[in-house]
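Data block for model.pdb (PDB, N, CA and C atoms):
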```pdb
ATOM      1  N   ALA A   1     -34.063 -14.574   0.260
ATOM      2  CA  ALA A   1     -32.797 -13.904   0.536
ATOM      3  C   ALA A   1     -32.021 -13.734  -0.765
ATOM      4  N   MET A   2     -31.257 -12.645  -0.821
ATOM      5  CA  MET A   2     -30.444 -12.344  -1.999
ATOM      6  C   MET A   2     -29.002 -12.101  -1.582
ATOM      7  N   SER A   3     -28.093 -12.570  -2.419
ATOM      8  CA  SER A   3     -26.679 -12.286  -2.217
ATOM      9  C   SER A   3     -26.371 -10.910  -2.799
ATOM     10  N   VAL A   4     -25.619 -10.119  -2.055
ATOM     11  CA  VAL A   4     -25.196  -8.790  -2.501
ATOM     12  C   VAL A   4     -23.682  -8.776  -2.500
ATOM     13  N   SER A   5     -23.092  -8.264  -3.569
ATOM     14  CA  SER A   5     -21.636  -8.144  -3.578
ATOM     15  C   SER A   5     -21.228  -6.809  -4.174
ATOM     16  N   SER A   6     -20.071  -6.375  -3.753
ATOM     17  CA  SER A   6     -19.489  -5.136  -4.255
ATOM     18  C   SER A   6     -18.006  -5.395  -4.456
ATOM     19  N   ASP A   7     -17.452  -4.881  -5.540
ATOM     20  CA  ASP A   7     -16.027  -5.038  -5.801
ATOM     21  C   ASP A   7     -15.298  -3.741  -5.508
ATOM     22  N   VAL A   8     -14.092  -3.873  -4.973
ATOM     23  CA  VAL A   8     -13.234  -2.718  -4.746
ATOM     24  C   VAL A   8     -11.811  -3.137  -5.098
ATOM     25  N   ARG A   9     -11.129  -2.288  -5.853
ATOM     26  CA  ARG A   9      -9.757  -2.589  -6.277
ATOM     27  C   ARG A   9      -8.804  -1.735  -5.447
ATOM     28  N   VAL A  10      -7.814  -2.387  -4.857
ATOM     29  CA  VAL A  10      -6.839  -1.653  -4.047
ATOM     30  C   VAL A  10      -5.446  -1.834  -4.633
ATOM     31  N   ALA A  11      -4.613  -0.828  -4.405
ATOM     32  CA  ALA A  11      -3.212  -0.905  -4.803
ATOM     33  C   ALA A  11      -2.527  -1.913  -3.876
ATOM     34  N   ALA A  12      -1.272  -2.152  -4.116
ATOM     35  CA  ALA A  12      -0.531  -3.105  -3.295
ATOM     36  C   ALA A  12      -0.701  -2.776  -1.816
ATOM     37  N   ALA A  13      -1.103  -3.769  -1.050
ATOM     38  CA  ALA A  13      -1.313  -3.582   0.386
ATOM     39  C   ALA A  13      -1.249  -4.945   1.061
ATOM     40  N   ASP A  14      -1.132  -4.938   2.363
ATOM     41  CA  ASP A  14      -1.125  -6.162   3.158
ATOM     42  C   ASP A  14      -2.478  -6.851   3.006
ATOM     43  N   SER A  15      -2.505  -7.997   2.335
ATOM     44  CA  SER A  15      -3.786  -8.650   2.046
ATOM     45  C   SER A  15      -4.512  -9.088   3.308
ATOM     46  N   ALA A  16      -3.785  -9.474   4.346
ATOM     47  CA  ALA A  16      -4.443  -9.869   5.592
ATOM     48  C   ALA A  16      -5.169  -8.676   6.221
ATOM     49  N   LYS A  17      -4.552  -7.500   6.149
ATOM     50  CA  LYS A  17      -5.166  -6.289   6.706
ATOM     51  C   LYS A  17      -6.408  -5.908   5.898
ATOM     52  N   VAL A  18      -6.286  -5.948   4.564
ATOM     53  CA  VAL A  18      -7.429  -5.614   3.707
ATOM     54  C   VAL A  18      -8.570  -6.597   3.954
ATOM     55  N   ARG A  19      -8.258  -7.891   4.008
ATOM     56  CA  ARG A  19      -9.287  -8.903   4.253
ATOM     57  C   ARG A  19      -9.995  -8.649   5.586
ATOM     58  N   SER A  20      -9.226  -8.345   6.611
ATOM     59  CA  SER A  20      -9.806  -8.085   7.929
ATOM     60  C   SER A  20     -10.744  -6.880   7.897
ATOM     61  N   LEU A  21     -10.286  -5.788   7.290
ATOM     62  CA  LEU A  21     -11.115  -4.580   7.200
ATOM     63  C   LEU A  21     -12.405  -4.847   6.431
ATOM     64  N   LEU A  22     -12.294  -5.503   5.277
ATOM     65  CA  LEU A  22     -13.470  -5.730   4.443
ATOM     66  C   LEU A  22     -14.400  -6.779   5.042
ATOM     67  N   ASN A  23     -13.850  -7.741   5.789
ATOM     68  CA  ASN A  23     -14.711  -8.686   6.510
ATOM     69  C   ASN A  23     -15.532  -7.950   7.568
ATOM     70  N   GLU A  24     -14.915  -6.979   8.239
ATOM     71  CA  GLU A  24     -15.647  -6.174   9.222
ATOM     72  C   GLU A  24     -16.765  -5.395   8.558
ATOM     73  N   VAL A  25     -16.491  -4.850   7.381
ATOM     74  CA  VAL A  25     -17.528  -4.133   6.637
ATOM     75  C   VAL A  25     -18.673  -5.085   6.306
ATOM     76  N   ALA A  26     -18.336  -6.242   5.747
ATOM     77  CA  ALA A  26     -19.363  -7.202   5.318
ATOM     78  C   ALA A  26     -20.233  -7.663   6.480
ATOM     79  N   THR A  27     -19.618  -7.965   7.604
ATOM     80  CA  THR A  27     -20.395  -8.474   8.739
ATOM     81  C   THR A  27     -21.131  -7.365   9.488
ATOM     82  N   GLY A  28     -20.687  -6.116   9.308
ATOM     83  CA  GLY A  28     -21.307  -5.019  10.042
ATOM     84  C   GLY A  28     -22.298  -4.191   9.248
ATOM     85  N   VAL A  29     -22.502  -4.536   7.983
ATOM     86  CA  VAL A  29     -23.368  -3.721   7.144
ATOM     87  C   VAL A  29     -24.821  -3.815   7.644
ATOM     88  N   PRO A  30     -25.509  -2.676   7.746
ATOM     89  CA  PRO A  30     -26.896  -2.693   8.208
ATOM     90  C   PRO A  30     -27.792  -3.487   7.254
ATOM     91  N   LYS A  31     -28.804  -4.099   7.802
ATOM     92  CA  LYS A  31     -29.841  -4.840   7.076
ATOM     93  C   LYS A  31     -29.362  -6.157   6.467
ATOM     94  N   ARG A  32     -28.131  -6.583   6.764
ATOM     95  CA  ARG A  32     -27.705  -7.888   6.259
ATOM     96  C   ARG A  32     -28.360  -8.971   7.103
ATOM     97  N   LEU A  33     -28.524 -10.144   6.520
ATOM     98  CA  LEU A  33     -29.087 -11.278   7.252
ATOM     99  C   LEU A  33     -27.965 -11.942   8.036
ATOM    100  N   ALA A  34     -27.999 -11.786   9.354
ATOM    101  CA  ALA A  34     -26.900 -12.216  10.212
ATOM    102  C   ALA A  34     -26.726 -13.732  10.254
ATOM    103  N   ASP A  35     -27.751 -14.490   9.902
ATOM    104  CA  ASP A  35     -27.626 -15.946   9.951
ATOM    105  C   ASP A  35     -27.026 -16.534   8.675
ATOM    106  N   LEU A  36     -26.718 -15.680   7.704
ATOM    107  CA  LEU A  36     -26.082 -16.123   6.467
ATOM    108  C   LEU A  36     -24.686 -15.511   6.371
ATOM    109  N   PRO A  37     -23.782 -16.139   5.614
ATOM    110  CA  PRO A  37     -22.391 -15.673   5.594
ATOM    111  C   PRO A  37     -22.203 -14.296   4.979
ATOM    112  N   ALA A  38     -21.204 -13.611   5.483
ATOM    113  CA  ALA A  38     -20.757 -12.326   4.937
ATOM    114  C   ALA A  38     -19.236 -12.357   5.002
ATOM    115  N   ASP A  39     -18.584 -11.969   3.910
ATOM    116  CA  ASP A  39     -17.130 -12.050   3.899
ATOM    117  C   ASP A  39     -16.538 -11.215   2.774
ATOM    118  N   ALA A  40     -15.212 -11.259   2.709
ATOM    119  CA  ALA A  40     -14.474 -10.596   1.642
ATOM    120  C   ALA A  40     -13.428 -11.563   1.126
ATOM    121  N   GLY A  41     -13.164 -11.499  -0.169
ATOM    122  CA  GLY A  41     -12.148 -12.367  -0.759
ATOM    123  C   GLY A  41     -11.588 -11.751  -2.027
ATOM    124  N   ILE A  42     -10.429 -12.231  -2.422
ATOM    125  CA  ILE A  42      -9.775 -11.743  -3.633
ATOM    126  C   ILE A  42     -10.458 -12.357  -4.850
ATOM    127  N   ASN A  43     -10.870 -11.487  -5.778
ATOM    128  CA  ASN A  43     -11.487 -11.933  -7.023
ATOM    129  C   ASN A  43     -10.501 -11.955  -8.184
ATOM    130  N   ASP A  44      -9.476 -11.082  -8.131
ATOM    131  CA  ASP A  44      -8.540 -10.998  -9.249
ATOM    132  C   ASP A  44      -7.303 -10.220  -8.803
ATOM    133  N   VAL A  45      -6.175 -10.532  -9.434
ATOM    134  CA  VAL A  45      -4.927  -9.822  -9.172
ATOM    135  C   VAL A  45      -4.328  -9.447 -10.520
ATOM    136  N   GLY A  46      -3.886  -8.196 -10.652
ATOM    137  CA  GLY A  46      -3.289  -7.762 -11.913
ATOM    138  C   GLY A  46      -2.506  -6.481 -11.737
ATOM    139  N   ASN A  47      -2.065  -5.895 -12.890
ATOM    140  CA  ASN A  47      -1.271  -4.669 -12.788
ATOM    141  C   ASN A  47      -2.060  -3.489 -12.271
ATOM    142  N   LEU A  48      -3.375  -3.572 -12.275
ATOM    143  CA  LEU A  48      -4.186  -2.465 -11.759
ATOM    144  C   LEU A  48      -4.448  -2.593 -10.262
ATOM    145  N   GLY A  49      -3.949  -3.649  -9.649
ATOM    146  CA  GLY A  49      -4.139  -3.851  -8.222
ATOM    147  C   GLY A  49      -4.849  -5.162  -7.938
ATOM    148  N   VAL A  50      -5.339  -5.272  -6.726
ATOM    149  CA  VAL A  50      -6.039  -6.479  -6.278
ATOM    150  C   VAL A  50      -7.528  -6.163  -6.194
ATOM    151  N   LEU A  51      -8.336  -6.968  -6.871
ATOM    152  CA  LEU A  51      -9.781  -6.772  -6.878
ATOM    153  C   LEU A  51     -10.394  -7.647  -5.795
ATOM    154  N   TRP A  52     -11.030  -6.997  -4.828
ATOM    155  CA  TRP A  52     -11.670  -7.675  -3.702
ATOM    156  C   TRP A  52     -13.176  -7.671  -3.894
ATOM    157  N   GLY A  53     -13.813  -8.765  -3.530
ATOM    158  CA  GLY A  53     -15.268  -8.845  -3.490
ATOM    159  C   GLY A  53     -15.719  -8.822  -2.040
ATOM    160  N   VAL A  54     -16.697  -7.996  -1.746
ATOM    161  CA  VAL A  54     -17.261  -7.892  -0.394
ATOM    162  C   VAL A  54     -18.698  -8.374  -0.507
ATOM    163  N   ARG A  55     -19.060  -9.416   0.261
ATOM    164  CA  ARG A  55     -20.343 -10.088   0.067
ATOM    165  C   ARG A  55     -21.147 -10.206   1.360
ATOM    166  N   ALA A  56     -22.465 -10.092   1.200
ATOM    167  CA  ALA A  56     -23.402 -10.281   2.317
ATOM    168  C   ALA A  56     -24.734 -10.741   1.735
ATOM    169  N   TRP A  57     -25.640 -11.133   2.609
ATOM    170  CA  TRP A  57     -26.989 -11.554   2.212
ATOM    171  C   TRP A  57     -28.006 -10.616   2.835
ATOM    172  N   CYS A  58     -29.119 -10.403   2.118
ATOM    173  CA  CYS A  58     -30.168  -9.525   2.635
ATOM    174  C   CYS A  58     -31.509  -9.943   2.055
ATOM    175  N   LEU A  59     -32.566  -9.320   2.550
ATOM    176  CA  LEU A  59     -33.885  -9.501   1.952
ATOM    177  C   LEU A  59     -33.931  -8.725   0.641
ATOM    178  N   ALA A  60     -34.749  -9.187  -0.290
ATOM    179  CA  ALA A  60     -34.820  -8.567  -1.610
ATOM    180  C   ALA A  60     -35.098  -7.065  -1.527
ATOM    181  N   GLY A  61     -35.967  -6.652  -0.640
ATOM    182  CA  GLY A  61     -36.322  -5.241  -0.524
ATOM    183  C   GLY A  61     -35.211  -4.373   0.031
ATOM    184  N   ASP A  62     -34.187  -4.979   0.611
ATOM    185  CA  ASP A  62     -33.067  -4.232   1.189
ATOM    186  C   ASP A  62     -31.832  -4.236   0.283
ATOM    187  N   PHE A  63     -31.939  -4.862  -0.886
ATOM    188  CA  PHE A  63     -30.774  -5.035  -1.764
ATOM    189  C   PHE A  63     -30.056  -3.710  -2.033
ATOM    190  N   GLY A  64     -30.767  -2.689  -2.469
ATOM    191  CA  GLY A  64     -30.143  -1.403  -2.811
ATOM    192  C   GLY A  64     -29.445  -0.767  -1.631
ATOM    193  N   ASP A  65     -30.092  -0.794  -0.469
ATOM    194  CA  ASP A  65     -29.490  -0.200   0.729
ATOM    195  C   ASP A  65     -28.220  -0.947   1.141
ATOM    196  N   VAL A  66     -28.264  -2.263   1.078
ATOM    197  CA  VAL A  66     -27.108  -3.065   1.473
ATOM    198  C   VAL A  66     -25.969  -2.878   0.471
ATOM    199  N   LYS A  67     -26.287  -2.868  -0.813
ATOM    200  CA  LYS A  67     -25.267  -2.653  -1.847
ATOM    201  C   LYS A  67     -24.596  -1.287  -1.643
ATOM    202  N   ASP A  68     -25.387  -0.234  -1.454
ATOM    203  CA  ASP A  68     -24.830   1.098  -1.222
ATOM    204  C   ASP A  68     -23.940   1.123   0.016
ATOM    205  N   ALA A  69     -24.402   0.475   1.080
ATOM    206  CA  ALA A  69     -23.629   0.456   2.328
ATOM    207  C   ALA A  69     -22.316  -0.297   2.154
ATOM    208  N   LEU A  70     -22.338  -1.408   1.423
ATOM    209  CA  LEU A  70     -21.096  -2.149   1.183
ATOM    210  C   LEU A  70     -20.081  -1.275   0.454
ATOM    211  N   ILE A  71     -20.537  -0.554  -0.562
ATOM    212  CA  ILE A  71     -19.637   0.296  -1.345
ATOM    213  C   ILE A  71     -19.084   1.425  -0.481
ATOM    214  N   GLU A  72     -19.971   2.160   0.161
ATOM    215  CA  GLU A  72     -19.547   3.329   0.941
ATOM    216  C   GLU A  72     -18.678   2.933   2.129
ATOM    217  N   GLN A  73     -19.086   1.913   2.869
ATOM    218  CA  GLN A  73     -18.328   1.526   4.053
ATOM    219  C   GLN A  73     -16.987   0.896   3.693
ATOM    220  N   SER A  74     -16.913   0.203   2.555
ATOM    221  CA  SER A  74     -15.624  -0.335   2.103
ATOM    222  C   SER A  74     -14.663   0.811   1.813
ATOM    223  N   LYS A  75     -15.142   1.807   1.097
ATOM    224  CA  LYS A  75     -14.313   2.973   0.765
ATOM    225  C   LYS A  75     -13.835   3.674   2.032
ATOM    226  N   ARG A  76     -14.735   3.919   2.943
ATOM    227  CA  ARG A  76     -14.369   4.614   4.190
ATOM    228  C   ARG A  76     -13.354   3.827   5.014
ATOM    229  N   ALA A  77     -13.568   2.522   5.132
ATOM    230  CA  ALA A  77     -12.668   1.683   5.938
ATOM    231  C   ALA A  77     -11.263   1.663   5.342
ATOM    232  N   LEU A  78     -11.178   1.519   4.030
ATOM    233  CA  LEU A  78      -9.868   1.487   3.381
ATOM    234  C   LEU A  78      -9.168   2.839   3.496
ATOM    235  N   GLU A  79      -9.883   3.920   3.258
ATOM    236  CA  GLU A  79      -9.287   5.250   3.373
ATOM    237  C   GLU A  79      -8.824   5.529   4.794
ATOM    238  N   ALA A  80      -9.619   5.144   5.784
ATOM    239  CA  ALA A  80      -9.255   5.372   7.187
ATOM    240  C   ALA A  80      -7.995   4.608   7.560
ATOM    241  N   ALA A  81      -7.760   3.458   6.901
ATOM    242  CA  ALA A  81      -6.574   2.653   7.175
ATOM    243  C   ALA A  81      -5.379   3.062   6.317
ATOM    244  N   GLY A  82      -5.565   4.076   5.453
ATOM    245  CA  GLY A  82      -4.495   4.537   4.604
ATOM    246  C   GLY A  82      -4.212   3.607   3.429
ATOM    247  N   ILE A  83      -5.184   2.804   3.055
ATOM    248  CA  ILE A  83      -5.015   1.879   1.928
ATOM    249  C   ILE A  83      -5.590   2.534   0.679
ATOM    250  N   GLN A  84      -4.763   2.631  -0.354
ATOM    251  CA  GLN A  84      -5.155   3.326  -1.581
ATOM    252  C   GLN A  84      -6.085   2.476  -2.425
ATOM    253  N   ILE A  85      -7.183   3.090  -2.830
ATOM    254  CA  ILE A  85      -8.102   2.458  -3.779
ATOM    255  C   ILE A  85      -7.521   2.697  -5.157
ATOM    256  N   ALA A  86      -7.323   1.613  -5.926
ATOM    257  CA  ALA A  86      -6.672   1.697  -7.224
ATOM    258  C   ALA A  86      -7.648   2.142  -8.308
ATOM    259  N   ASN A  87      -7.112   2.792  -9.318
ATOM    260  CA  ASN A  87      -7.889   3.134 -10.500
ATOM    261  C   ASN A  87      -8.001   1.897 -11.380
ATOM    262  N   GLY A  88      -9.043   1.841 -12.137
ATOM    263  CA  GLY A  88      -9.195   0.730 -13.071
ATOM    264  C   GLY A  88     -10.648   0.361 -13.226
ATOM    265  N   PRO A  89     -10.879  -0.561 -14.139
ATOM    266  CA  PRO A  89     -12.268  -0.978 -14.411
ATOM    267  C   PRO A  89     -12.865  -1.759 -13.275
TER     268      PRO A  89
END
```

Reformat the file's structure so that it appears as structure tokens.
Amino acid sequence: AMSVSSDVRVAAADSAKVRSLLNEVATGVPKRLADLPADAGINDVGNLGVLWGVRAWCLAGDFGDVKDALIEQSKRALEAAGIQIANGP
């Protein structure tokens, strides 16, 4: 099994709402190993916004698909909720 993570930076927003949305993404991503943890947490806070990490576990052969899904589904979930994705590194 391999850990997969994706970072997304958001502008000022309700952290409980962002955590809930990104936890749903992490636990719902296709091909993740359901018996291992999946979650979202704050990795950094700064003037460019809040950097969130979205994490799940998968089989080695599914790493690319799971990574892509974490990125795309995180973006879609945040946009659908009206939460701005911040610019920055």

> Evaluating the PyMOL selection byres ((chain A and resi 43-57) around 6) on the displayed file yields which residues, as a ChimeraX atom specification?
Replying inline: /A:2-12,26,31-33,36-42,58-59,86-87

> At what distance in Å, to one decimal, does atom C of Leu70 of chain A lie from atom C of Glu24 of chain A?
Replying inline: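 Separating atom C of Glu24 of chain A from atom C of Leu70 of chain A is a distance of 9.7 Å.
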
Axis-aligned box for all listed atoms of segment 1-11 of chain A, 5 Å per side, centre and edges in Å to one decimal, as JSON:
```
{"center_x": -18.3, "center_y": -7.7, "center_z": -2.9, "size_x": 41.5, "size_y": 23.7, "size_z": 16.8}
```

> Just how far from atom N of Phe63 of chain A is atom N of Gly82 of chain A, in Å to one decimal?
Replying inline: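 Atom N of Phe63 of chain A lies at a distance of 28.6 Å from atom N of Gly82 of chain A.
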
> If you run DSSP on the backbone, which residues of chain A are strand (DSSP E or B), as a ChimeraX atom specification?
Replying inline: /A:2-10,32,39-46,49-58,85

>> Please report the interatomic distance between atom CA of Leu22 of chain A and atom N of Ser74 of chain A in Å with one decimal.
In response: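 Atom-to-atom, atom CA of Leu22 of chain A to atom N of Ser74 of chain A, that is 7.1 Å.
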
> Which residue out of A:Ala13, A:Gly28, A:Asp65, A:Ala60 has the minimum interatomic distance to Ala1 of chain A when only N, CA and C atoms are used?
Replying inline: A:Ala60
